[in-house]
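Colleague: What follows is a single structure, and I will ask about it in a moment.
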Amino acid sequence: MIPPEFEYYAPHSVDEAVSLLRRFDGEAKVLAGGHSLIPLMKLRLAQPRALVDINRIPNLAYIREEGGHLKIGAITRTGELLDSPLLRKSYPILTDAAQEIADPLVRNLGTVGGNVCHGDPGNDLPACMLALGAEVVAEGPKGPRTLAVSDFYRDTFVTALEPTEIVVEVRIPKVRPHQGNAYHKIEKRAGDFAMAGAAANLILDGSGRVESAGVALTGVGPTAILARPVAGALVGQAPDPSRLAHAAGLAESVAEPSTDLRGPIEYKRAMASVLTRRVLERALARAKGGG
Amino acid sequence: MSADVPRVKGGLGQSILRKEDQRFIRGKGNYVDDIKLPGMLYLDIARSPYAHAKITAIHTENTLKVPGVLAVVTGKDLEAAGLAWMPTLMSDKQMVLPTDTVMYQAQEVAAVVADSRYAAADGVAALEVDYDPLPVVVDPFKALEPGAPVIRTDRKEKSNHIWHWETGDRAGTDAAFDGAEVQVAQDLYIPRIHVSSMETCGCIAHMDSVNGRFTIYMTTQAPHAIRTVIALVTGLPEQNIRVVSPDIGGGFGGKVPVYPGYVLAAVASIKTGHPVKWIEDRSENLQADSFARDYHIHAELAASNDGKVAALRVKTLADHGYTDAAANPSKFPAGLFHIITGSYPFAKAFVEVDAAYTNKPPGGIAYRCSFRVTEAVYTIERMMDILAHRLKVDPAELRLKNFIPPEAFPFTSALGWTYDSGNYAGALRKAMEIIDYAGLRREQKEKRGRGELMGIGISSFTEIVGAGPSSTFDILGIKMFDSAEVRIHPTGKVIARFGTKSQGQGHETTYAQILAEELGIPADDIRVEEGDTDTAPYGLGTYASRSTPTAGAAASMAARKIRDKARRIAAHLLEVNPDDVEWKDYAFRVKGVPAKSKTMQEVAFAAYTNHPPGMEAGLEAVDYYDPPNMTYPFGSYICVVDIDPETGQVKVRRFVAVDDCGTIINPMIVDGQIHGGLTMGLAPALYEEIQYDESGNIHGGTFMDYLVPTAIETPHWETAKTVTPSPHHPIGAKGVGESATVGAPPAVVNAIVDALQPYGVEHIDIPVHPWKIWQILHTRTPTF
Ligand SMILES: Cc1cc2nc3c(=O)[nH]c(=O)nc-3n(C[C@H](O)[C@H](O)[C@H](O)COP(=O)(O)OP(=O)(O)OC[C@H]3O[C@@H](n4cnc5c(N)ncnc54)[C@H](O)[C@@H]3O)c2cc1C
């Protein structure tokens, strides 16, 4: 439980942080909340030569609507998602998720950027961001770039980010009328990795049909999974209970779970559908102004 | 006691705050890892990645190059000193370090000594060990099959069978089964679990070669026994050995055994001449320290058609890992498993246990239970529910019909235990009333009508604690008495020392309360110390709920010895004959003239300033208490669960625990013990389990995978008491530390199985994961 020796830097600007990452040429790691990285280092599964602590960089923690987006700064704590009245009112999926991320200790330190960047299929925010159609804004040696979250997750712990890049912000399309979303996961015990989880985001048109839908799954594959067939079965349709149930049923085939201490494959597949149906129902109720 | 006399402050039955919490809640406890000695070095341990392998070479060069690393200790080094193996409490032997073969994953392979903890850890990472993997035996049933690879090639017997133990009347039981109207049988597996106490194990060993003193600060529940073992094994003179058990962050049986790390720290101190600290990390603690349970049980119960139990037959296979390092009293290789007849008057019973070696860490410790009582209670309380199901009678009714009645005590069970006192129906009826059992059954019926899954589970357990009478109980030949040494200072304040060792149970408060009651001195004026073998009287330590039954009794007896002398001093002060003085309402009073009195404080001052001619000065006594019998606390628990039919998730809606531990010393502490125990009982029922794959790789070796329940999973515990004093304990108290851990698991499982009655389910092995329920819901057709 003692990591090997490493160097530690606490830069005060993004530029400084990026140049440190460059200096170590892929062998340094960004340290945000530390609640995923430090355990890996203690188990000596991650052995970075240096840590670049981004907690002292000013102006990286915020939740605000600006232009066409909801913008969340990378070192916003997951606990701050839970406390935000804006999110509770307009982006309740993030309140749902924050509520289910471990416990207050973890939420008080873990960051939105870290949760999104870690690339762990057990993290809760990636599926939410997929369902919401979010983008991440990264700063690197070549300047800033924006990546769609749907292109971000490559494999377990592997993302599209370069080792010399830092995510500074996550952007979510601004909420529209008749939009509703929800997240729910089941776990063996609070703070354990999900047995399965589902995120849903629905926008209804004036007639009450589904104009656009985003559905994604947690913990049932090597990464969070965007469940395109589920969304496809909803768009243009009247979201009555049988339609939701039918669409949710498709989540089973999207899931690619494996058997582990968190359950056998069949169970996780079935849960992907059960939870998808539940979050769709909740998202729909919210889109209609309830829930 | 007269009703109008004020009680002594902090006496029996008062929920005074725990004295020890002043330091614990301020972070001012003093645990082994808080202790730093001048010149102290650090030891870390390299462990095997294989469950079974030959060690072909250990390359220490890179380790010795790590800055700060001073030495590497291997099995060959120990072998040269005759220390490669050490005896276990169960007359088996255990490796300190292997000389050639590792027998479980995470087994100690070498120790690295360095001038910092970090250097030691880097030294371990730099160590290269070459292994030749050997065939692995994980399943104890397969271990006993002919042709299975023999794990312990060091033994004469070329087999993985360790021992067979049986008790009861085999022929009589078989005959009772042959003639029985109803028989039920069930396989029950109680998986490996781990105590996972907050503080891991560790020590600081210091061999002072100049004056020949060996001091070890260690996480042990039994410091005196450890001192004697060290003396016997090493030949060091016992007066030169000091074992100090400072504050302990939870033991639960896991800090009874001697782990290789302790021995290695001692060896390293001898080798380097420095004090050496070894503190285990969490993974090491979970992966290598003693496990609990791991019993494969086949139970059969015979009864009459009208539901009267007749006979019990139990055959068990115990998985002990690579050595039998269980911590049981010597005569009981399967602990007190034969309390398995529980709260019921079986006429016949027969129990047998076979133990097997596997490529897993050793253990079989009494995890918060008096030696395999958890396994016993789980079995009988599950079997009673299975019988109720088979006979289609309410499980509460079945129990009430069968309980040993209060007037039958002392009651001798079919397997030979003499229960001291009990009122089982009283506890169950109280629990049923509190929870509104009839109302719950009505609600359940309505819900079943709607296809909803709600279950009610009962457990009416009997414990057996307080080991134990010297006729029956010893550890390595040392009888299982315990002790108190009480000294009253001139100003009427008290220091009392005990042979036990609190690990969070609150002894500093509880013992003070017993003494307060016996001596009429406020608990605040009584200081309690334990754990330093240089100062405390000899005792066998704290585990198996034995402290109050043994050392607590010794406190009373020592206080009464003091009162005998004090009465003579009081008579001297009151200028009357000692026979005319009585101890009443916390003072010595002249018989018939109660206002003429002397307090214990007045007497204490006189004991040093004005004692009677011909009498020794001072006021103190020692008592070594040999209990005449075990104590038999009991209780009835009722658990209500709701199950999500789509996900199989279980929610414990209510849990009522009615406990009877005889006389209650501090109700708040008793409730605290029950709350913690219930949580530790919920844990294996729903969450905790250590599994191994075919290659002997551990699953559940970190807190990422070994799921200890958190506050979120823990339901609101509703507790209540009945009081049936122990007739043989000086104040009528029984042990209570373990009742809830022992009693809770079957209540939870019985509730789940009850919820699934429409699906015809009779048993689900623990932990009851949601997918086990989901599989039942998806493969069976209910009849609601
Ligand atoms: C007991 C426990 C329970 C947990 N339970 C849950 C749970 O239920 N749900 C859940 O979602 N999570 C859970 N987590 C994980 C927790 O939410 C972590 O905080 C989160 O996964 C990572 O965020 P962090 O800020 O702590 O990142 P860190 O641990 O600091 O970093 C994680 C990884 O992301 C990289 N990184 C971090 N920030 C950036 C950035 N801005 N740019 C580029 N790379 C970056 C780091 O280099 C590292 O590789 C749990 C953790 C613990 C310890």
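As shown in the structure tokens, the chain order sets the letters A, B, ...; within each chain, residues go from 1, and ligands are also counted from 1 in the order they appear.
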Identify, counting only C-alpha atoms and all ligand atoms, the protein, DNA and RNA residues located within 6 Å of ligand 1, and give them as a list in words.
Modeller: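 So the residues close to ligand 1 are Lys29, Val30, Leu31, Ala32, Gly33, Gly34, His35, Ser36, Leu37, Ala74, Ile101, Ala102, Val106, Gly110, Thr111, Gly113, Gly114, Asn115, Cys117, His118, Asn123, Asp124, Leu125, Ile166, Val167, Val168, Gly191, Asp192 and Phe193 of chain A.
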Colleague: Could the residues of chain B within 10 Å of chain A, counting only C-alpha atoms, be given as a ChimeraX atom specification, please?
Modeller: /B:117-122,125,280-284,646-650,686-687,689,691,699-700,702-713,769-772,774-775
Colleague: Considering only helix (DSSP H, G or I) as DSSP defines it on the backbone, what residues of region 229-265 of chain A qualify? List them as a ChimeraX atom specification.
Modeller: /A:229-232,241-249,251-254,265
Colleague: Could the residues in this selection be written to a file with all heavy atoms, as a CSV table (one decimal), in the first residue's frame?
Modeller:
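Result file again08.csv:
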```csv
chain,number,residue,atom,x,y,z
A,229,PRO,N,-29.1,1.7,-30.2
A,229,PRO,CA,-30.4,1.1,-30.6
A,229,PRO,C,-31.5,1.4,-29.7
A,229,PRO,O,-32.7,1.6,-30.2
A,229,PRO,CB,-30.1,-0.4,-30.5
A,229,PRO,CG,-28.6,-0.6,-30.5
A,229,PRO,CD,-28.0,0.7,-30.0
A,230,VAL,N,-31.3,1.7,-28.4
A,230,VAL,CA,-32.4,2.0,-27.5
A,230,VAL,C,-32.9,3.4,-27.9
A,230,VAL,O,-34.1,3.6,-28.1
A,230,VAL,CB,-31.9,2.0,-26.1
A,230,VAL,CG1,-33.0,2.5,-25.1
A,230,VAL,CG2,-31.3,0.7,-25.7
A,231,ALA,N,-32.0,4.3,-28.1
A,231,ALA,CA,-32.4,5.7,-28.6
A,231,ALA,C,-33.1,5.6,-29.9
A,231,ALA,O,-34.2,6.3,-30.1
A,231,ALA,CB,-31.2,6.6,-28.6
A,232,GLY,N,-32.6,4.8,-30.8
A,232,GLY,CA,-33.2,4.7,-32.1
A,232,GLY,C,-34.6,4.2,-32.1
A,232,GLY,O,-35.4,4.6,-32.9
A,241,PRO,N,-45.8,3.5,-22.3
A,241,PRO,CA,-45.0,2.5,-21.5
A,241,PRO,C,-44.5,1.3,-22.3
A,241,PRO,O,-43.4,0.9,-22.1
A,241,PRO,CB,-46.1,2.1,-20.4
A,241,PRO,CG,-47.0,3.2,-20.3
A,241,PRO,CD,-47.1,3.9,-21.7
A,242,SER,N,-45.3,0.8,-23.2
A,242,SER,CA,-44.9,-0.3,-23.9
A,242,SER,C,-43.7,0.0,-24.9
A,242,SER,O,-42.8,-0.8,-25.1
A,242,SER,CB,-46.0,-1.0,-24.7
A,242,SER,OG,-46.5,-0.1,-25.7
A,243,ARG,N,-43.7,1.2,-25.4
A,243,ARG,CA,-42.6,1.7,-26.3
A,243,ARG,C,-41.3,1.8,-25.5
A,243,ARG,O,-40.3,1.3,-25.9
A,243,ARG,CB,-43.0,3.0,-26.9
A,243,ARG,CG,-42.0,3.7,-27.7
A,243,ARG,CD,-41.3,3.0,-28.8
A,243,ARG,NE,-42.1,2.3,-29.8
A,243,ARG,CZ,-41.7,1.6,-30.9
A,243,ARG,NH1,-40.3,1.5,-31.1
A,243,ARG,NH2,-42.5,1.1,-31.7
A,244,LEU,N,-41.5,2.4,-24.3
A,244,LEU,CA,-40.3,2.5,-23.4
A,244,LEU,C,-39.8,1.1,-23.1
A,244,LEU,O,-38.5,0.8,-23.1
A,244,LEU,CB,-40.6,3.2,-22.1
A,244,LEU,CG,-41.0,4.7,-22.2
A,244,LEU,CD1,-40.9,5.4,-20.8
A,244,LEU,CD2,-40.0,5.5,-23.1
A,245,ALA,N,-40.7,0.2,-22.7
A,245,ALA,CA,-40.2,-1.2,-22.3
A,245,ALA,C,-39.6,-1.9,-23.5
A,245,ALA,O,-38.5,-2.5,-23.3
A,245,ALA,CB,-41.4,-2.0,-21.8
A,246,HIS,N,-40.1,-1.7,-24.7
A,246,HIS,CA,-39.5,-2.3,-25.9
A,246,HIS,C,-38.1,-1.8,-26.1
A,246,HIS,O,-37.2,-2.5,-26.3
A,246,HIS,CB,-40.4,-2.1,-27.1
A,246,HIS,CG,-39.7,-2.3,-28.4
A,246,HIS,ND1,-39.4,-3.6,-28.8
A,246,HIS,CD2,-39.1,-1.5,-29.3
A,246,HIS,CE1,-38.7,-3.5,-30.0
A,246,HIS,NE2,-38.5,-2.2,-30.3
A,247,ALA,N,-38.0,-0.5,-26.1
A,247,ALA,CA,-36.7,0.2,-26.3
A,247,ALA,C,-35.7,-0.3,-25.2
A,247,ALA,O,-34.6,-0.7,-25.5
A,247,ALA,CB,-36.8,1.7,-26.3
A,248,ALA,N,-36.2,-0.3,-24.0
A,248,ALA,CA,-35.3,-0.7,-22.9
A,248,ALA,C,-34.8,-2.1,-23.1
A,248,ALA,O,-33.6,-2.4,-22.7
A,248,ALA,CB,-36.0,-0.5,-21.5
A,249,GLY,N,-35.7,-2.9,-23.6
A,249,GLY,CA,-35.3,-4.3,-23.8
A,249,GLY,C,-34.1,-4.5,-24.7
A,249,GLY,O,-33.3,-5.4,-24.6
A,251,ALA,N,-31.5,-2.8,-24.6
A,251,ALA,CA,-30.2,-2.5,-23.9
A,251,ALA,C,-29.5,-3.8,-23.6
A,251,ALA,O,-28.2,-3.8,-23.6
A,251,ALA,CB,-30.5,-1.8,-22.6
A,252,GLU,N,-30.2,-4.9,-23.4
A,252,GLU,CA,-29.6,-6.2,-23.2
A,252,GLU,C,-28.6,-6.6,-24.2
A,252,GLU,O,-27.5,-7.1,-24.0
A,252,GLU,CB,-30.6,-7.3,-23.1
A,252,GLU,CG,-31.4,-7.3,-21.8
A,252,GLU,CD,-32.2,-8.6,-21.7
A,252,GLU,OE1,-31.8,-9.7,-22.3
A,252,GLU,OE2,-33.2,-8.6,-20.9
A,253,SER,N,-28.9,-6.3,-25.5
A,253,SER,CA,-28.1,-6.7,-26.6
A,253,SER,C,-26.9,-5.7,-26.8
A,253,SER,O,-25.9,-6.1,-27.4
A,253,SER,CB,-28.9,-6.8,-27.9
A,253,SER,OG,-29.5,-5.5,-28.1
A,254,VAL,N,-27.0,-4.5,-26.2
A,254,VAL,CA,-25.9,-3.6,-26.3
A,254,VAL,C,-24.9,-3.8,-25.3
A,254,VAL,O,-23.7,-3.6,-25.5
A,254,VAL,CB,-26.5,-2.1,-26.1
A,254,VAL,CG1,-25.4,-1.1,-26.2
A,254,VAL,CG2,-27.6,-1.8,-27.2
A,265,ILE,N,-23.1,-12.7,-16.2
A,265,ILE,CA,-23.4,-12.0,-17.4
A,265,ILE,C,-24.9,-11.8,-17.6
A,265,ILE,O,-25.4,-10.7,-17.8
A,265,ILE,CB,-22.8,-12.7,-18.6
A,265,ILE,CG1,-21.3,-12.6,-18.6
A,265,ILE,CG2,-23.4,-12.2,-19.9
A,265,ILE,CD1,-20.7,-13.4,-19.8
```
Colleague: If we count only C-alpha atoms and set the cut-off at 12 Å, which residues sit around Lys158 (chain B), ignoring sequence neighbours fewer than 4 positions away in its own chain? Please answer as a ChimeraX atom specification.
Modeller: /B:143-144,146-154,162,357
Colleague: Any chance you could export the current selection's C-alpha atoms as a CSV table (one decimal), in the first residue's frame?
Modeller:
```csv
chain,number,residue,atom,x,y,z
B,143,ALA,CA,-8.7,-32.3,-1.3
B,144,LEU,CA,-10.0,-35.5,0.3
B,146,PRO,CA,-8.0,-40.2,-3.5
B,147,GLY,CA,-5.1,-39.0,-5.6
B,148,ALA,CA,-5.5,-35.4,-4.7
B,149,PRO,CA,-2.1,-33.6,-4.5
B,150,VAL,CA,-0.9,-33.8,-0.9
B,151,ILE,CA,-0.3,-30.3,0.4
B,152,ARG,CA,1.5,-31.0,3.6
B,153,THR,CA,4.3,-33.3,2.5
B,154,ASP,CA,6.1,-32.5,5.8
B,162,ILE,CA,-6.4,-33.3,9.3
B,357,TYR,CA,-6.1,-28.9,4.2
```
Colleague: Excluding region 174-178 of chain B and its own-chain neighbours fewer than 2 positions away, which residues fall within 12 Å of it when counting only C-alpha atoms? Please give them as a PyMOL selection string.
Modeller: chain B and resi 168-172+180-185+300-304+309-314+346-351
Colleague: Output as a list in words all residues of region 320-423 of chain B that backbone DSSP marks as strand (DSSP E).
Modeller: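 DSSP on the backbone gives strand (DSSP E) at Lys348, Ala349, Phe350, Val351, Glu352, Val353, Asp354, Ala355, Ala356, Gly363, Gly364, Ile365, Phe411, Thr412, Thr418 and Tyr419 of chain B.
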Colleague: For Ala544 (chain B), please output as a ChimeraX atom specification all residues within 10 Å (counting only C-alpha atoms; exclusion window: fewer than 4 positions along the same chain).
Modeller: /B:252-253,328,366-373,464-468,735-738
Colleague: Name the residues in contact with region 610-619 of chain B at a cut-off of 9 Å, using only C-alpha atoms, excluding same-chain residues fewer than 5 positions from it; report them as a ChimeraX atom specification.
Modeller: /B:486-490,562,565-566,568-569,572-573,603-605
Colleague: Could you turn the residues from that selection into a file that holds all heavy atoms, as a tab-separated table (two decimals), in the first residue's frame?
Modeller:
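selection_4.tsv was written with the following content:
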```
chain	number	residue	atom	x	y	z
B	486	VAL	N	-7.09	-5.62	42.46
B	486	VAL	CA	-7.74	-4.36	42.81
B	486	VAL	C	-7.03	-3.75	44.01
B	486	VAL	O	-6.79	-4.45	45.01
B	486	VAL	CB	-9.23	-4.59	43.15
B	486	VAL	CG1	-9.92	-3.27	43.45
B	486	VAL	CG2	-9.93	-5.32	42.01
B	487	ARG	N	-6.68	-2.51	43.91
B	487	ARG	CA	-5.97	-1.84	45.00
B	487	ARG	C	-6.66	-0.51	45.27
B	487	ARG	O	-6.87	0.28	44.34
B	487	ARG	CB	-4.52	-1.62	44.57
B	487	ARG	CG	-3.64	-0.98	45.62
B	487	ARG	CD	-2.21	-0.87	45.11
B	487	ARG	NE	-1.71	-2.16	44.66
B	487	ARG	CZ	-0.72	-2.30	43.77
B	487	ARG	NH1	-0.17	-1.24	43.22
B	487	ARG	NH2	-0.32	-3.49	43.42
B	488	ILE	N	-7.00	-0.29	46.55
B	488	ILE	CA	-7.62	0.99	46.90
B	488	ILE	C	-6.55	1.87	47.54
B	488	ILE	O	-5.87	1.47	48.48
B	488	ILE	CB	-8.81	0.80	47.86
B	488	ILE	CG1	-9.77	-0.26	47.30
B	488	ILE	CG2	-9.54	2.13	48.07
B	488	ILE	CD1	-11.05	-0.43	48.08
B	489	HIS	N	-6.39	3.06	47.02
B	489	HIS	CA	-5.40	4.01	47.52
B	489	HIS	C	-5.92	4.68	48.79
B	489	HIS	O	-7.13	4.66	49.06
B	489	HIS	CB	-5.10	5.07	46.46
B	489	HIS	CG	-4.57	4.53	45.17
B	489	HIS	ND1	-3.60	3.55	45.11
B	489	HIS	CD2	-4.89	4.82	43.88
B	489	HIS	CE1	-3.34	3.28	43.84
B	489	HIS	NE2	-4.11	4.02	43.07
B	490	PRO	N	-5.03	5.34	49.58
B	490	PRO	CA	-5.47	5.96	50.83
B	490	PRO	C	-6.63	6.93	50.65
B	490	PRO	O	-7.50	7.04	51.52
B	490	PRO	CB	-4.21	6.70	51.31
B	490	PRO	CG	-3.07	5.91	50.74
B	490	PRO	CD	-3.56	5.40	49.42
B	562	ILE	N	-11.75	-7.66	49.38
B	562	ILE	CA	-11.41	-6.36	49.99
B	562	ILE	C	-12.43	-5.99	51.05
B	562	ILE	O	-12.09	-5.53	52.13
B	562	ILE	CB	-11.31	-5.27	48.89
B	562	ILE	CG1	-10.02	-5.48	48.10
B	562	ILE	CG2	-11.38	-3.87	49.49
B	562	ILE	CD1	-9.84	-4.53	46.95
B	565	LYS	N	-11.81	-7.58	54.48
B	565	LYS	CA	-10.81	-6.91	55.31
B	565	LYS	C	-11.33	-5.54	55.76
B	565	LYS	O	-11.17	-5.14	56.93
B	565	LYS	CB	-9.50	-6.74	54.53
B	565	LYS	CG	-8.43	-6.00	55.31
B	565	LYS	CD	-7.10	-5.98	54.59
B	565	LYS	CE	-6.05	-5.26	55.41
B	565	LYS	NZ	-4.76	-5.16	54.72
B	566	ALA	N	-11.99	-4.86	54.81
B	566	ALA	CA	-12.46	-3.51	55.10
B	566	ALA	C	-13.48	-3.52	56.24
B	566	ALA	O	-13.56	-2.60	57.05
B	566	ALA	CB	-13.07	-2.89	53.85
B	568	ARG	N	-13.45	-5.40	58.79
B	568	ARG	CA	-12.74	-5.49	60.07
B	568	ARG	C	-12.14	-4.12	60.43
B	568	ARG	O	-12.15	-3.72	61.59
B	568	ARG	CB	-11.68	-6.58	60.01
B	568	ARG	CG	-12.34	-7.98	60.07
B	568	ARG	CD	-11.35	-9.11	60.08
B	568	ARG	NE	-10.79	-9.33	58.76
B	568	ARG	CZ	-9.50	-9.48	58.49
B	568	ARG	NH1	-8.61	-9.40	59.47
B	568	ARG	NH2	-9.10	-9.70	57.26
B	569	ILE	N	-11.68	-3.41	59.40
B	569	ILE	CA	-11.17	-2.06	59.69
B	569	ILE	C	-12.32	-1.15	60.13
B	569	ILE	O	-12.19	-0.37	61.08
B	569	ILE	CB	-10.45	-1.47	58.45
B	569	ILE	CG1	-9.28	-2.38	58.05
B	569	ILE	CG2	-9.96	-0.05	58.72
B	569	ILE	CD1	-8.57	-2.00	56.78
B	572	HIS	N	-13.17	-1.68	63.63
B	572	HIS	CA	-12.16	-1.02	64.45
B	572	HIS	C	-12.49	0.47	64.60
B	572	HIS	O	-12.46	1.03	65.69
B	572	HIS	CB	-10.80	-1.25	63.80
B	572	HIS	CG	-9.66	-0.46	64.38
B	572	HIS	ND1	-9.17	-0.67	65.65
B	572	HIS	CD2	-8.92	0.54	63.84
B	572	HIS	CE1	-8.17	0.16	65.85
B	572	HIS	NE2	-8.00	0.92	64.79
B	573	LEU	N	-12.84	1.09	63.45
B	573	LEU	CA	-13.15	2.53	63.49
B	573	LEU	C	-14.44	2.80	64.26
B	573	LEU	O	-14.57	3.80	64.96
B	573	LEU	CB	-13.28	3.09	62.06
B	573	LEU	CG	-12.03	3.02	61.18
B	573	LEU	CD1	-12.34	3.56	59.78
B	573	LEU	CD2	-10.88	3.83	61.79
B	603	VAL	N	-12.68	3.90	55.23
B	603	VAL	CA	-11.95	2.68	55.60
B	603	VAL	C	-10.61	2.65	54.88
B	603	VAL	O	-9.58	2.29	55.47
B	603	VAL	CB	-12.80	1.44	55.26
B	603	VAL	CG1	-11.97	0.17	55.39
B	603	VAL	CG2	-14.03	1.38	56.16
B	604	ALA	N	-10.61	3.04	53.61
B	604	ALA	CA	-9.37	3.00	52.83
B	604	ALA	C	-8.31	3.90	53.47
B	604	ALA	O	-7.15	3.51	53.60
B	604	ALA	CB	-9.64	3.45	51.39
B	605	PHE	N	-8.72	5.08	53.90
B	605	PHE	CA	-7.74	5.99	54.53
B	605	PHE	C	-7.17	5.33	55.79
B	605	PHE	O	-5.97	5.33	56.02
B	605	PHE	CB	-8.42	7.34	54.86
B	605	PHE	CG	-7.43	8.43	55.14
B	605	PHE	CD1	-6.63	8.93	54.10
B	605	PHE	CD2	-7.26	8.96	56.41
B	605	PHE	CE1	-5.70	9.93	54.33
B	605	PHE	CE2	-6.32	9.95	56.66
B	605	PHE	CZ	-5.54	10.45	55.62
```
Colleague: Name the residues in contact with Asp96 (chain A) at a cut-off of 9 Å, using only C-alpha atoms, excluding same-chain residues fewer than 5 positions from it; report them as a compact mmCIF listing (two decimals) with all heavy atoms, in the first residue's frame.
Modeller:
```txt
# COMPACT_ATOMS: atom_id res chain seq x y z
N LEU A 82 -24.04 17.68 -6.66
CA LEU A 82 -25.18 17.34 -5.82
C LEU A 82 -25.80 18.59 -5.20
O LEU A 82 -27.01 18.68 -5.03
CB LEU A 82 -24.70 16.39 -4.72
CG LEU A 82 -25.73 15.68 -3.86
CD1 LEU A 82 -26.71 14.92 -4.73
CD2 LEU A 82 -25.02 14.72 -2.91
N ARG A 88 -30.12 20.48 -10.22
CA ARG A 88 -31.31 19.81 -9.68
C ARG A 88 -32.55 20.17 -10.50
O ARG A 88 -33.40 19.33 -10.78
CB ARG A 88 -31.49 20.21 -8.21
CG ARG A 88 -32.51 19.38 -7.45
CD ARG A 88 -32.46 19.70 -5.96
NE ARG A 88 -31.22 19.23 -5.34
CZ ARG A 88 -31.04 18.03 -4.82
NH1 ARG A 88 -32.03 17.16 -4.85
NH2 ARG A 88 -29.88 17.68 -4.30
N ILE A 101 -22.79 8.45 -6.41
CA ILE A 101 -21.34 8.25 -6.41
C ILE A 101 -20.89 8.08 -4.96
O ILE A 101 -20.86 9.04 -4.18
CB ILE A 101 -20.60 9.42 -7.08
CG1 ILE A 101 -20.91 9.45 -8.58
CG2 ILE A 101 -19.09 9.32 -6.84
CD1 ILE A 101 -20.31 10.62 -9.33
N ALA A 182 -32.40 11.25 -16.48
CA ALA A 182 -32.29 10.55 -15.19
C ALA A 182 -31.16 9.54 -15.25
O ALA A 182 -30.76 9.08 -16.33
CB ALA A 182 -33.59 9.83 -14.87
N TYR A 183 -30.63 9.23 -14.07
CA TYR A 183 -29.59 8.21 -13.96
C TYR A 183 -29.90 7.32 -12.78
O TYR A 183 -30.39 7.79 -11.74
CB TYR A 183 -28.22 8.87 -13.74
CG TYR A 183 -27.10 7.85 -13.64
CD1 TYR A 183 -26.63 7.21 -14.79
CD2 TYR A 183 -26.55 7.51 -12.41
CE1 TYR A 183 -25.63 6.25 -14.70
CE2 TYR A 183 -25.55 6.55 -12.32
CZ TYR A 183 -25.10 5.93 -13.47
OH TYR A 183 -24.11 4.98 -13.39
N HIS A 184 -29.62 6.05 -12.91
CA HIS A 184 -29.74 5.14 -11.77
C HIS A 184 -28.81 3.95 -11.97
O HIS A 184 -28.61 3.48 -13.07
CB HIS A 184 -31.19 4.65 -11.63
CG HIS A 184 -31.40 3.77 -10.43
ND1 HIS A 184 -30.93 4.08 -9.17
CD2 HIS A 184 -32.05 2.59 -10.30
CE1 HIS A 184 -31.27 3.12 -8.33
NE2 HIS A 184 -31.95 2.20 -8.99
```
